[in-house]
file protein13.cif (mmCIF, C-alpha atoms and all ligand atoms)
data_upload
#
loop_
_atom_site.group_PDB
_atom_site.id
_atom_site.type_symbol
_atom_site.label_atom_id
_atom_site.label_comp_id
_atom_site.auth_asym_id
_atom_site.auth_seq_id
_atom_site.Cartn_x
_atom_site.Cartn_y
_atom_site.Cartn_z
ATOM 1 C CA MET A 1 9.831 -60.320 -38.585
ATOM 2 C CA GLN A 2 7.513 -61.636 -35.919
ATOM 3 C CA THR A 3 3.722 -61.193 -36.044
ATOM 4 C CA VAL A 4 1.560 -60.990 -32.911
ATOM 5 C CA ASN A 5 -2.111 -60.190 -32.596
ATOM 6 C CA ASP A 6 -2.636 -60.013 -28.837
ATOM 7 C CA ALA A 7 -1.585 -57.525 -26.170
ATOM 8 C CA GLY A 8 0.260 -60.138 -24.055
ATOM 9 C CA GLY A 9 2.409 -61.299 -26.985
ATOM 10 C CA LEU A 10 3.209 -57.708 -27.923
ATOM 11 C CA ARG A 11 4.195 -56.760 -24.357
ATOM 12 C CA ALA A 12 6.426 -59.812 -23.976
ATOM 13 C CA VAL A 13 8.445 -58.987 -27.116
ATOM 14 C CA VAL A 14 8.677 -55.231 -26.530
ATOM 15 C CA GLY A 15 9.460 -55.786 -22.806
ATOM 16 C CA ARG A 16 12.444 -57.953 -23.746
ATOM 17 C CA TRP A 17 13.825 -55.234 -26.027
ATOM 18 C CA ARG A 18 13.364 -52.632 -23.316
ATOM 19 C CA ARG A 19 15.208 -54.710 -20.756
ATOM 20 C CA ASP A 20 18.081 -54.849 -23.263
ATOM 21 C CA GLY A 21 18.026 -51.037 -23.405
ATOM 22 C CA GLN A 22 16.779 -50.875 -27.013
ATOM 23 C CA ARG A 23 14.679 -47.970 -28.276
ATOM 24 C CA VAL A 24 11.377 -48.740 -29.994
ATOM 25 C CA ALA A 25 9.907 -46.870 -32.972
ATOM 26 C CA PHE A 26 6.270 -47.412 -33.910
ATOM 27 C CA VAL A 27 4.388 -46.975 -37.201
ATOM 28 C CA PRO A 28 0.610 -47.360 -36.842
ATOM 29 C CA THR A 29 -1.175 -48.088 -40.143
ATOM 30 C CA MET A 30 -4.445 -49.384 -41.520
ATOM 31 C CA GLY A 31 -2.568 -51.616 -43.970
ATOM 32 C CA ASN A 32 -2.783 -51.696 -47.781
ATOM 33 C CA LEU A 33 0.772 -50.457 -47.617
ATOM 34 C CA HIS A 34 2.374 -48.350 -50.357
ATOM 35 C CA GLN A 35 5.670 -46.492 -50.741
ATOM 36 C CA GLY A 36 4.380 -43.739 -48.432
ATOM 37 C CA HIS A 37 4.042 -46.230 -45.562
ATOM 38 C CA LEU A 38 7.400 -47.823 -46.373
ATOM 39 C CA GLU A 39 9.044 -44.399 -46.036
ATOM 40 C CA LEU A 40 7.583 -44.218 -42.510
ATOM 41 C CA VAL A 41 9.066 -47.625 -41.701
ATOM 42 C CA ARG A 42 12.468 -46.576 -43.100
ATOM 43 C CA ARG A 43 12.427 -43.408 -40.987
ATOM 44 C CA ALA A 44 11.434 -45.475 -37.934
ATOM 45 C CA ALA A 45 14.421 -47.758 -38.505
ATOM 46 C CA ARG A 46 16.747 -44.746 -38.452
ATOM 47 C CA LEU A 47 15.259 -43.526 -35.160
ATOM 48 C CA ALA A 48 15.399 -46.659 -33.013
ATOM 49 C CA GLU A 49 16.898 -50.129 -32.766
ATOM 50 C CA ARG A 50 13.503 -51.828 -33.016
ATOM 51 C CA VAL A 51 10.534 -51.141 -35.301
ATOM 52 C CA VAL A 52 6.926 -52.120 -34.603
ATOM 53 C CA VAL A 53 4.285 -51.679 -37.332
ATOM 54 C CA SER A 54 0.591 -52.155 -36.604
ATOM 55 C CA ILE A 55 -2.154 -52.921 -39.101
ATOM 56 C CA PHE A 56 -5.706 -52.312 -37.916
ATOM 57 C CA VAL A 57 -8.610 -50.877 -39.888
ATOM 58 C CA ASN A 58 -10.097 -48.812 -37.097
ATOM 59 C CA PRO A 59 -13.909 -48.795 -37.213
ATOM 60 C CA THR A 60 -14.355 -45.772 -34.942
ATOM 61 C CA GLN A 61 -12.686 -43.345 -37.348
ATOM 62 C CA PHE A 62 -15.139 -44.129 -40.152
ATOM 63 C CA GLY A 63 -18.506 -42.371 -40.206
ATOM 64 C CA PRO A 64 -21.817 -43.942 -41.259
ATOM 65 C CA GLY A 65 -21.817 -44.483 -45.031
ATOM 66 C CA GLU A 66 -18.012 -44.187 -45.274
ATOM 67 C CA ASP A 67 -15.711 -46.827 -46.744
ATOM 68 C CA PHE A 68 -14.992 -49.001 -43.667
ATOM 69 C CA ASP A 69 -16.276 -52.183 -45.379
ATOM 70 C CA ALA A 70 -14.668 -51.355 -48.725
ATOM 71 C CA TYR A 71 -11.326 -50.299 -47.209
ATOM 72 C CA PRO A 72 -8.698 -52.520 -48.897
ATOM 73 C CA ARG A 73 -7.441 -55.291 -46.609
ATOM 74 C CA THR A 74 -4.281 -56.840 -48.071
ATOM 75 C CA LEU A 75 -2.540 -58.423 -45.083
ATOM 76 C CA GLU A 76 -0.448 -60.989 -46.988
ATOM 77 C CA ASP A 77 0.913 -58.398 -49.451
ATOM 78 C CA ASP A 78 1.558 -56.003 -46.558
ATOM 79 C CA ARG A 79 3.431 -58.659 -44.620
ATOM 80 C CA GLU A 80 5.662 -59.335 -47.621
ATOM 81 C CA LEU A 81 6.460 -55.644 -48.062
ATOM 82 C CA LEU A 82 7.269 -55.228 -44.358
ATOM 83 C CA GLN A 83 9.477 -58.290 -44.365
ATOM 84 C CA ARG A 84 11.687 -56.577 -46.948
ATOM 85 C CA GLU A 85 11.958 -53.485 -44.719
ATOM 86 C CA SER A 86 13.513 -53.387 -41.289
ATOM 87 C CA THR A 87 10.354 -54.312 -39.395
ATOM 88 C CA ASP A 88 10.934 -56.355 -36.247
ATOM 89 C CA LEU A 89 7.352 -56.859 -35.171
ATOM 90 C CA LEU A 90 4.019 -56.684 -36.969
ATOM 91 C CA PHE A 91 1.092 -56.144 -34.602
ATOM 92 C CA THR A 92 -2.287 -57.133 -36.081
ATOM 93 C CA PRO A 93 -4.798 -56.793 -33.247
ATOM 94 C CA GLY A 94 -8.456 -57.733 -33.582
ATOM 95 C CA VAL A 95 -11.231 -55.340 -32.628
ATOM 96 C CA GLU A 96 -11.598 -57.066 -29.218
ATOM 97 C CA THR A 97 -7.975 -56.207 -28.311
ATOM 98 C CA LEU A 98 -8.320 -52.524 -29.070
ATOM 99 C CA TYR A 99 -11.950 -52.153 -27.970
ATOM 100 C CA PRO A 100 -12.403 -54.666 -25.136
ATOM 101 C CA GLY A 101 -15.642 -52.981 -24.056
ATOM 102 C CA GLY A 102 -16.936 -52.790 -27.637
ATOM 103 C CA THR A 103 -16.475 -49.792 -29.921
ATOM 104 C CA GLN A 104 -19.269 -47.834 -28.253
ATOM 105 C CA GLN A 105 -18.328 -48.426 -24.609
ATOM 106 C CA THR A 106 -14.527 -48.023 -24.619
ATOM 107 C CA THR A 107 -13.066 -44.803 -23.135
ATOM 108 C CA ARG A 108 -12.627 -42.227 -25.878
ATOM 109 C CA ILE A 109 -10.088 -39.477 -26.360
ATOM 110 C CA GLU A 110 -11.110 -36.075 -27.612
ATOM 111 C CA VAL A 111 -8.607 -33.414 -28.671
ATOM 112 C CA PRO A 112 -10.952 -30.446 -28.971
ATOM 113 C CA GLY A 113 -9.027 -27.554 -30.585
ATOM 114 C CA MET A 114 -6.982 -29.319 -33.247
ATOM 115 C CA SER A 115 -9.789 -31.664 -34.214
ATOM 116 C CA ARG A 116 -12.236 -28.917 -35.070
ATOM 117 C CA GLY A 117 -12.812 -27.556 -38.563
ATOM 118 C CA LEU A 118 -11.146 -28.752 -41.793
ATOM 119 C CA CYS A 119 -11.757 -32.528 -42.155
ATOM 120 C CA ASP A 120 -13.847 -32.692 -38.977
ATOM 121 C CA ALA A 121 -16.523 -30.525 -40.603
ATOM 122 C CA PHE A 122 -17.030 -33.294 -43.198
ATOM 123 C CA ARG A 123 -16.153 -36.342 -41.078
ATOM 124 C CA PRO A 124 -17.564 -35.586 -37.614
ATOM 125 C CA GLY A 125 -16.072 -37.861 -34.956
ATOM 126 C CA HIS A 126 -13.216 -38.973 -37.237
ATOM 127 C CA PHE A 127 -10.414 -37.513 -35.122
ATOM 128 C CA GLU A 128 -11.945 -38.810 -31.905
ATOM 129 C CA GLY A 129 -11.726 -42.286 -33.460
ATOM 130 C CA VAL A 130 -8.125 -41.689 -34.565
ATOM 131 C CA ALA A 131 -7.025 -40.274 -31.186
ATOM 132 C CA THR A 132 -8.752 -43.113 -29.327
ATOM 133 C CA VAL A 133 -7.137 -45.912 -31.316
ATOM 134 C CA VAL A 134 -3.698 -44.249 -31.409
ATOM 135 C CA ALA A 135 -3.851 -43.712 -27.627
ATOM 136 C CA ARG A 136 -4.624 -47.386 -27.061
ATOM 137 C CA LEU A 137 -1.915 -48.463 -29.514
ATOM 138 C CA PHE A 138 0.608 -46.169 -27.798
ATOM 139 C CA ASN A 139 -0.264 -47.632 -24.400
ATOM 140 C CA LEU A 140 0.129 -51.176 -25.700
ATOM 141 C CA VAL A 141 3.358 -50.627 -27.673
ATOM 142 C CA GLN A 142 4.871 -47.959 -25.376
ATOM 143 C CA PRO A 143 7.172 -46.643 -28.112
ATOM 144 C CA ASP A 144 9.930 -44.070 -27.681
ATOM 145 C CA VAL A 145 9.033 -42.539 -31.023
ATOM 146 C CA ALA A 146 6.064 -42.862 -33.399
ATOM 147 C CA VAL A 147 6.090 -41.985 -37.089
ATOM 148 C CA PHE A 148 3.211 -40.517 -39.122
ATOM 149 C CA GLY A 149 2.831 -39.143 -42.647
ATOM 150 C CA GLU A 150 2.406 -35.415 -43.219
ATOM 151 C CA LYS A 151 -0.251 -36.094 -45.854
ATOM 152 C CA ASP A 152 -2.715 -36.488 -42.965
ATOM 153 C CA TYR A 153 -1.665 -33.096 -41.669
ATOM 154 C CA GLN A 154 -4.549 -32.481 -39.270
ATOM 155 C CA GLN A 155 -4.239 -36.027 -37.905
ATOM 156 C CA LEU A 156 -0.550 -35.418 -37.184
ATOM 157 C CA ALA A 157 -1.391 -32.146 -35.398
ATOM 158 C CA VAL A 158 -4.106 -33.891 -33.327
ATOM 159 C CA ILE A 159 -1.689 -36.648 -32.290
ATOM 160 C CA ARG A 160 1.081 -34.197 -31.386
ATOM 161 C CA ARG A 161 -1.384 -32.279 -29.191
ATOM 162 C CA MET A 162 -2.754 -35.439 -27.556
ATOM 163 C CA VAL A 163 0.760 -36.623 -26.662
ATOM 164 C CA ARG A 164 1.623 -33.217 -25.246
ATOM 165 C CA ASP A 165 -1.634 -32.914 -23.283
ATOM 166 C CA LEU A 166 -1.329 -36.420 -21.817
ATOM 167 C CA CYS A 167 2.395 -35.996 -20.966
ATOM 168 C CA TRP A 168 3.431 -39.142 -22.834
ATOM 169 C CA PRO A 169 7.202 -39.448 -23.306
ATOM 170 C CA ILE A 170 6.823 -40.243 -27.016
ATOM 171 C CA ASP A 171 8.484 -38.250 -29.812
ATOM 172 C CA ILE A 172 6.190 -37.744 -32.767
ATOM 173 C CA GLU A 173 7.958 -37.702 -36.103
ATOM 174 C CA GLY A 174 6.300 -36.422 -39.295
ATOM 175 C CA VAL A 175 7.479 -37.671 -42.688
ATOM 176 C CA ALA A 176 7.048 -35.712 -45.935
ATOM 177 C CA THR A 177 4.280 -36.913 -48.263
ATOM 178 C CA VAL A 178 5.423 -39.406 -50.879
ATOM 179 C CA ARG A 179 4.032 -38.570 -54.331
ATOM 180 C CA GLU A 180 3.511 -40.355 -57.621
ATOM 181 C CA ALA A 181 5.595 -39.012 -60.539
ATOM 182 C CA ASP A 182 2.709 -36.670 -61.506
ATOM 183 C CA GLY A 183 2.434 -35.202 -57.993
ATOM 184 C CA LEU A 184 -0.564 -37.151 -56.653
ATOM 185 C CA ALA A 185 -0.045 -37.922 -52.953
ATOM 186 C CA MET A 186 0.147 -41.677 -52.392
ATOM 187 C CA SER A 187 -2.917 -42.998 -50.597
ATOM 188 C CA SER A 188 -4.695 -46.314 -50.205
ATOM 189 C CA ARG A 189 -7.814 -44.529 -51.431
ATOM 190 C CA ASN A 190 -6.257 -43.731 -54.841
ATOM 191 C CA ARG A 191 -7.330 -47.213 -55.884
ATOM 192 C CA TYR A 192 -10.963 -46.004 -55.873
ATOM 193 C CA LEU A 193 -10.122 -43.744 -58.877
ATOM 194 C CA ASP A 194 -10.988 -44.930 -62.380
ATOM 195 C CA GLU A 195 -8.586 -44.187 -65.242
ATOM 196 C CA ALA A 196 -10.038 -40.802 -66.178
ATOM 197 C CA GLN A 197 -10.233 -39.702 -62.519
ATOM 198 C CA ARG A 198 -6.671 -40.857 -61.924
ATOM 199 C CA ARG A 199 -5.496 -38.628 -64.801
ATOM 200 C CA ARG A 200 -7.301 -35.659 -63.232
ATOM 201 C CA ALA A 201 -6.305 -36.349 -59.620
ATOM 202 C CA PRO A 202 -2.884 -34.546 -59.643
ATOM 203 C CA ARG A 203 -4.824 -31.313 -60.193
ATOM 204 C CA LEU A 204 -5.419 -31.247 -56.418
ATOM 205 C CA TYR A 205 -1.707 -30.949 -55.649
ATOM 206 C CA GLN A 206 -1.201 -28.493 -58.530
ATOM 207 C CA THR A 207 -3.963 -26.280 -57.135
ATOM 208 C CA LEU A 208 -2.357 -26.291 -53.679
ATOM 209 C CA CYS A 209 1.017 -25.422 -55.221
ATOM 210 C CA GLU A 210 -0.604 -22.509 -57.067
ATOM 211 C CA VAL A 211 -2.099 -21.163 -53.826
ATOM 212 C CA ALA A 212 1.274 -21.574 -52.079
ATOM 213 C CA GLU A 213 2.992 -19.754 -54.957
ATOM 214 C CA SER A 214 0.512 -16.843 -54.746
ATOM 215 C CA LEU A 215 1.139 -16.626 -50.992
ATOM 216 C CA ARG A 216 4.879 -16.556 -51.542
ATOM 217 C CA SER A 217 4.809 -13.916 -54.247
ATOM 218 C CA ALA A 218 2.544 -11.338 -52.562
ATOM 219 C CA PRO A 219 0.411 -11.018 -49.407
ATOM 220 C CA ALA A 220 -3.160 -11.584 -50.598
ATOM 221 C CA ALA A 221 -6.596 -11.975 -49.007
ATOM 222 C CA HIS A 222 -6.706 -15.625 -48.037
ATOM 223 C CA GLU A 223 -10.453 -15.960 -48.608
ATOM 224 C CA ALA A 224 -10.047 -14.893 -52.241
ATOM 225 C CA LEU A 225 -7.226 -17.396 -52.825
ATOM 226 C CA GLU A 226 -9.206 -20.186 -51.157
ATOM 227 C CA ALA A 227 -12.332 -19.381 -53.191
ATOM 228 C CA ARG A 228 -10.374 -19.304 -56.448
ATOM 229 C CA ALA A 229 -8.807 -22.681 -55.660
ATOM 230 C CA MET A 230 -12.224 -24.201 -54.849
ATOM 231 C CA GLU A 231 -13.547 -22.937 -58.186
ATOM 232 C CA SER A 232 -10.579 -24.296 -60.088
ATOM 233 C CA LEU A 233 -11.041 -27.742 -58.465
ATOM 234 C CA GLU A 234 -14.748 -27.716 -59.355
ATOM 235 C CA GLN A 235 -13.886 -26.891 -62.956
ATOM 236 C CA ALA A 236 -11.494 -29.851 -62.975
ATOM 237 C CA GLY A 237 -14.348 -32.191 -61.965
ATOM 238 C CA PHE A 238 -13.719 -32.424 -58.200
ATOM 239 C CA VAL A 239 -16.293 -31.861 -55.501
ATOM 240 C CA PRO A 240 -14.093 -29.806 -53.180
ATOM 241 C CA GLU A 241 -14.829 -29.856 -49.436
ATOM 242 C CA TYR A 242 -12.378 -27.170 -48.408
ATOM 243 C CA VAL A 243 -9.217 -25.334 -49.367
ATOM 244 C CA SER A 244 -7.839 -23.551 -46.340
ATOM 245 C CA ILE A 245 -4.761 -21.515 -45.474
ATOM 246 C CA ARG A 246 -3.770 -22.133 -41.848
ATOM 247 C CA HIS A 247 -0.966 -21.671 -39.382
ATOM 248 C CA ALA A 248 1.292 -24.694 -39.899
ATOM 249 C CA ASP A 249 1.620 -25.448 -36.150
ATOM 250 C CA THR A 250 -1.690 -24.388 -34.614
ATOM 251 C CA LEU A 251 -3.951 -24.924 -37.659
ATOM 252 C CA LEU A 252 -5.647 -21.629 -36.793
ATOM 253 C CA PRO A 253 -6.550 -19.186 -39.578
ATOM 254 C CA LEU A 254 -3.709 -16.722 -40.021
ATOM 255 C CA ALA A 255 -3.290 -13.133 -41.154
ATOM 256 C CA PRO A 256 -1.849 -12.394 -44.625
ATOM 257 C CA GLY A 257 1.946 -12.542 -44.456
ATOM 258 C CA GLU A 258 1.992 -14.556 -41.192
ATOM 259 C CA ARG A 259 4.149 -17.720 -41.232
ATOM 260 C CA PRO A 260 4.633 -20.662 -41.109
ATOM 261 C CA ALA A 261 1.612 -21.430 -43.267
ATOM 262 C CA VAL A 262 0.143 -24.592 -44.698
ATOM 263 C CA VAL A 263 -2.484 -24.851 -47.441
ATOM 264 C CA LEU A 264 -4.773 -27.816 -46.876
ATOM 265 C CA ALA A 265 -7.510 -29.293 -49.047
ATOM 266 C CA ALA A 266 -9.966 -32.155 -49.234
ATOM 267 C CA ALA A 267 -11.929 -32.958 -52.362
ATOM 268 C CA ARG A 268 -13.991 -35.803 -53.686
ATOM 269 C CA LEU A 269 -13.259 -37.282 -57.084
ATOM 270 C CA GLY A 270 -15.755 -40.011 -57.918
ATOM 271 C CA SER A 271 -15.963 -42.240 -54.858
ATOM 272 C CA ALA A 272 -12.490 -41.242 -53.597
ATOM 273 C CA ARG A 273 -11.990 -38.573 -50.971
ATOM 274 C CA LEU A 274 -8.538 -37.081 -51.493
ATOM 275 C CA ILE A 275 -6.653 -34.879 -49.036
ATOM 276 C CA ASP A 276 -3.384 -33.052 -49.507
ATOM 277 C CA ASN A 277 -1.409 -30.090 -48.205
ATOM 278 C CA VAL A 278 1.534 -27.884 -49.086
ATOM 279 C CA ARG A 279 3.659 -25.924 -46.608
ATOM 280 C CA VAL A 280 4.537 -22.315 -47.393
HETATM 281 O O1 LIG A 301 -3.310 -42.758 -40.798
HETATM 282 C C1 LIG A 301 -3.808 -43.883 -40.588
HETATM 283 O O2 LIG A 301 -3.594 -44.866 -41.303
HETATM 284 C C2 LIG A 301 -4.759 -44.058 -39.414
HETATM 285 O O3 LIG A 301 -5.544 -42.926 -39.236
HETATM 286 C C3 LIG A 301 -4.059 -44.452 -38.102
HETATM 287 C C4 LIG A 301 -3.103 -43.370 -37.617
HETATM 288 C C5 LIG A 301 -3.298 -45.750 -38.306
HETATM 289 C C6 LIG A 301 -5.108 -44.677 -36.996
HETATM 290 O O4 LIG A 301 -6.006 -45.673 -37.335
#
call {"tool": "encode", "arguments": {"input": "protein13.cif", "output": "structure tokens"}}
result
Amino acid sequence: MQTVNDAGGLRAVVGRWRRDGQRVAFVPTMGNLHQGHLELVRRAARLAERVVVSIFVNPTQFGPGEDFDAYPRTLEDDRELLQRESTDLLFTPGVETLYPGGTQQTTRIEVPGMSRGLCDAFRPGHFEGVATVVARLFNLVQPDVAVFGEKDYQQLAVIRRMVRDLCWPIDIEGVATVREADGLAMSSRNRYLDEAQRRRAPRLYQTLCEVAESLRSAPAAHEALEARAMESLEQAGFVPEYVSIRHADTLLPLAPGERPAVVLAAARLGSARLIDNVRV
């Protein structure tokens, strides 16, 4: 596995592969890799001859007072994990490569419909930061296919829409959430949980499964199901931000009985903000 941190080095390597007619799969990450990320890399390796993984903790997707400074940076461990997977190239750009005009002055990408509501209501500007950095990474790597986790469901929808709107010839592949044995979705932010919080954390997934089960068994008023789930999370010690039943493709609210549906939630537990979703 090669590591490059500048755009020229990246282009030289990827250009060589392209001239040899090899397809390139790309997995953008913020590092602190866990099994969930490694699943993305494994899927990437099945989709193309060459796999590029990037690690960059993107400042523009963190709001004021969020965990940008505290976000775990574990480059050496990450490199070791990637070396054991089929990663051909690790791209570790600095902020000056991705934001040559500074984070405030660089052109930004906004994906209005998909970005609104859900997480955006609690993290304004977050998806603009994600879309902006992913757009720049896509332009630098020029992959044939890019792989993202379904845990960040709204992020995946925003990226799919951006790629469609900008006519980029990139396939976007979603990979099912990887869970701990007790159901908790794997996330770099799980390390913010203390022991007692960690024991409680799977309740988020259980609550989403209960809502999904209710939806499957009988058409019900979505607001009532969402409100009951919020209450149950509060009782379990979470500070829930939202529980929402949406159309799985458009993320718009949907009528009872309409499919495909997804139940999405975000909730705080101590200093961790957890998100999860279940398809119906
Ligand atoms: O999902 C993530 O880790 C990040 O949001 C991404 C897609 C790498 C953009 O910084």
call {"tool": "residues_near_ligand", "arguments": {"input": "protein13.cif", "ligand": "ligand LIG 301 (chain A)", "cutoff": "6 Å", "atoms": "all atoms listed in the file", "output": "PyMOL selection string"}}
result
chain A and resi 28-30+58+130+134
call {"tool": "write_last_selection", "arguments": {"input": "protein13.cif", "atoms": "C-alpha atoms", "output": "PDB file, in the frame of the given file"}}
result
ATOM      1  CA  PRO A  28       0.610 -47.360 -36.842  1.00  0.00           C
ATOM      2  CA  THR A  29      -1.175 -48.088 -40.143  1.00  0.00           C
ATOM      3  CA  MET A  30      -4.445 -49.384 -41.520  1.00  0.00           C
ATOM      4  CA  ASN A  58     -10.097 -48.812 -37.097  1.00  0.00           C
ATOM      5  CA  VAL A 130      -8.125 -41.689 -34.565  1.00  0.00           C
ATOM      6  CA  VAL A 134      -3.698 -44.249 -31.409  1.00  0.00           C
TER       7      VAL A 134
END
call {"tool": "closest_residue", "arguments": {"input": "protein13.cif", "among": "A:Ser244, A:Gln35, A:Gln155, A:Asn190", "to": "Ala224 in chain A", "atoms": "only C-alpha atoms"}}
result
A:Ser244
call {"tool": "closest_residue", "arguments": {"input": "protein13.cif", "among": "A:Arg84, A:Arg191, A:Arg136, A:Arg259", "to": "Arg42 in chain A", "atoms": "only C-alpha atoms"}}
result
A:Arg84
call {"tool": "resolve_selection", "arguments": {"input": "protein13.cif", "expression": "the PyMOL selection byres (((chain A and resi 59-62) around 12) and not hetatm)", "output": "short mmCIF file (atom, residue, chain, number, x, y, z; two decimals) with C-alpha atoms, in the frame of the given file"}}
result
data_model
loop_
_atom_site.label_atom_id
_atom_site.label_comp_id
_atom_site.auth_asym_id
_atom_site.auth_seq_id
_atom_site.Cartn_x
_atom_site.Cartn_y
_atom_site.Cartn_z
CA MET A 30 -4.44 -49.38 -41.52
CA PHE A 56 -5.71 -52.31 -37.92
CA VAL A 57 -8.61 -50.88 -39.89
CA ASN A 58 -10.10 -48.81 -37.10
CA GLY A 63 -18.51 -42.37 -40.21
CA PRO A 64 -21.82 -43.94 -41.26
CA GLY A 65 -21.82 -44.48 -45.03
CA GLU A 66 -18.01 -44.19 -45.27
CA ASP A 67 -15.71 -46.83 -46.74
CA PHE A 68 -14.99 -49.00 -43.67
CA ASP A 69 -16.28 -52.18 -45.38
CA ALA A 70 -14.67 -51.36 -48.72
CA TYR A 71 -11.33 -50.30 -47.21
CA GLY A 94 -8.46 -57.73 -33.58
CA VAL A 95 -11.23 -55.34 -32.63
CA GLU A 96 -11.60 -57.07 -29.22
CA LEU A 98 -8.32 -52.52 -29.07
CA TYR A 99 -11.95 -52.15 -27.97
CA GLY A 102 -16.94 -52.79 -27.64
CA THR A 103 -16.48 -49.79 -29.92
CA GLN A 104 -19.27 -47.83 -28.25
CA GLN A 105 -18.33 -48.43 -24.61
CA THR A 106 -14.53 -48.02 -24.62
CA THR A 107 -13.07 -44.80 -23.14
CA ARG A 108 -12.63 -42.23 -25.88
CA ILE A 109 -10.09 -39.48 -26.36
CA CYS A 119 -11.76 -32.53 -42.16
CA ASP A 120 -13.85 -32.69 -38.98
CA PHE A 122 -17.03 -33.29 -43.20
CA ARG A 123 -16.15 -36.34 -41.08
CA PRO A 124 -17.56 -35.59 -37.61
CA GLY A 125 -16.07 -37.86 -34.96
CA HIS A 126 -13.22 -38.97 -37.24
CA PHE A 127 -10.41 -37.51 -35.12
CA GLU A 128 -11.94 -38.81 -31.90
CA GLY A 129 -11.73 -42.29 -33.46
CA VAL A 130 -8.12 -41.69 -34.56
CA ALA A 131 -7.02 -40.27 -31.19
CA THR A 132 -8.75 -43.11 -29.33
CA VAL A 133 -7.14 -45.91 -31.32
CA VAL A 134 -3.70 -44.25 -31.41
CA GLN A 155 -4.24 -36.03 -37.90
#
call {"tool": "closest_residue", "arguments": {"input": "protein13.cif", "among": "A:Arg198, A:Arg79, A:His222, A:His247", "to": "Gln154 in chain A", "atoms": "all atoms listed in the file"}}
result
A:His247
call {"tool": "closest_residue", "arguments": {"input": "protein13.cif", "among": "A:Arg228, A:Gln2, A:Lys151, A:Met162", "to": "Thr92 in chain A", "atoms": "all atoms listed in the file"}}
result
A:Gln2
call {"tool": "resolve_selection", "arguments": {"input": "protein13.cif", "expression": "the PyMOL selection byres (((chain A and resi 76) around 12) and not hetatm)", "output": "PyMOL selection string"}}
result
chain A and resi 3+31-33+55+72-75+77-83+90+92
call {"tool": "write_last_selection", "arguments": {"input": "protein13.cif", "atoms": "C-alpha atoms", "output": "mmCIF file, in the frame of the given file"}}
result
data_model
loop_
_atom_site.group_PDB
_atom_site.id
_atom_site.type_symbol
_atom_site.label_atom_id
_atom_site.label_comp_id
_atom_site.auth_asym_id
_atom_site.auth_seq_id
_atom_site.Cartn_x
_atom_site.Cartn_y
_atom_site.Cartn_z
ATOM 1 C CA THR A 3 3.722 -61.193 -36.044
ATOM 2 C CA GLY A 31 -2.568 -51.616 -43.970
ATOM 3 C CA ASN A 32 -2.783 -51.696 -47.781
ATOM 4 C CA LEU A 33 0.772 -50.457 -47.617
ATOM 5 C CA ILE A 55 -2.154 -52.921 -39.101
ATOM 6 C CA PRO A 72 -8.698 -52.520 -48.897
ATOM 7 C CA ARG A 73 -7.441 -55.291 -46.609
ATOM 8 C CA THR A 74 -4.281 -56.840 -48.071
ATOM 9 C CA LEU A 75 -2.540 -58.423 -45.083
ATOM 10 C CA ASP A 77 0.913 -58.398 -49.451
ATOM 11 C CA ASP A 78 1.558 -56.003 -46.558
ATOM 12 C CA ARG A 79 3.431 -58.659 -44.620
ATOM 13 C CA GLU A 80 5.662 -59.335 -47.621
ATOM 14 C CA LEU A 81 6.460 -55.644 -48.062
ATOM 15 C CA LEU A 82 7.269 -55.228 -44.358
ATOM 16 C CA GLN A 83 9.477 -58.290 -44.365
ATOM 17 C CA LEU A 90 4.019 -56.684 -36.969
ATOM 18 C CA THR A 92 -2.287 -57.133 -36.081
#
call {"tool": "residues_around", "arguments": {"input": "protein13.cif", "residues": "range 164-175 of chain A", "least_positions_apart": "3", "cutoff": "8 Å", "atoms": "only C-alpha atoms", "output": "list in words"}}
result
Glu39, Leu40, Arg43, Pro143, Asp144, Val145, Ala146, Val147, Phe148, Gly149, Glu150, Leu156, Ile159, Arg160 and Arg161 of chain A
call {"tool": "atom_distance", "arguments": {"input": "protein13.cif", "atom1": "CA of Asp182 in chain A", "atom2": "CA of Gly237 in chain A"}}
result
17.6 Å
call {"tool": "closest_residue", "arguments": {"input": "protein13.cif", "among": "A:Val4, A:Leu10, A:Val158, A:Met186", "to": "Glu110 in chain A", "atoms": "all atoms listed in the file"}}
result
A:Val158
call {"tool": "resolve_selection", "arguments": {"input": "protein13.cif", "expression": "the PyMOL selection byres (((chain A and resi 11) around 12) and not hetatm)", "output": "compact mmCIF listing (two decimals) with C-alpha atoms, in the frame of the given file"}}
result
# COMPACT_ATOMS: atom_id res chain seq x y z
CA VAL A 4 1.56 -60.99 -32.91
CA ASN A 5 -2.11 -60.19 -32.60
CA ASP A 6 -2.64 -60.01 -28.84
CA ALA A 7 -1.58 -57.52 -26.17
CA GLY A 8 0.26 -60.14 -24.06
CA GLY A 9 2.41 -61.30 -26.98
CA LEU A 10 3.21 -57.71 -27.92
CA ALA A 12 6.43 -59.81 -23.98
CA VAL A 13 8.44 -58.99 -27.12
CA VAL A 14 8.68 -55.23 -26.53
CA GLY A 15 9.46 -55.79 -22.81
CA ARG A 16 12.44 -57.95 -23.75
CA TRP A 17 13.82 -55.23 -26.03
CA ARG A 18 13.36 -52.63 -23.32
CA ARG A 19 15.21 -54.71 -20.76
CA VAL A 52 6.93 -52.12 -34.60
CA LEU A 89 7.35 -56.86 -35.17
CA PHE A 91 1.09 -56.14 -34.60
CA LEU A 137 -1.92 -48.46 -29.51
CA PHE A 138 0.61 -46.17 -27.80
CA ASN A 139 -0.26 -47.63 -24.40
CA LEU A 140 0.13 -51.18 -25.70
CA VAL A 141 3.36 -50.63 -27.67
CA GLN A 142 4.87 -47.96 -25.38
CA PRO A 143 7.17 -46.64 -28.11
call {"tool": "residues_around", "arguments": {"input": "protein13.cif", "residues": "Gly257 in chain A", "least_positions_apart": "6", "cutoff": "10 Å", "atoms": "all atoms listed in the file", "output": "ChimeraX atom specification"}}
result
/A:215-216,218-222
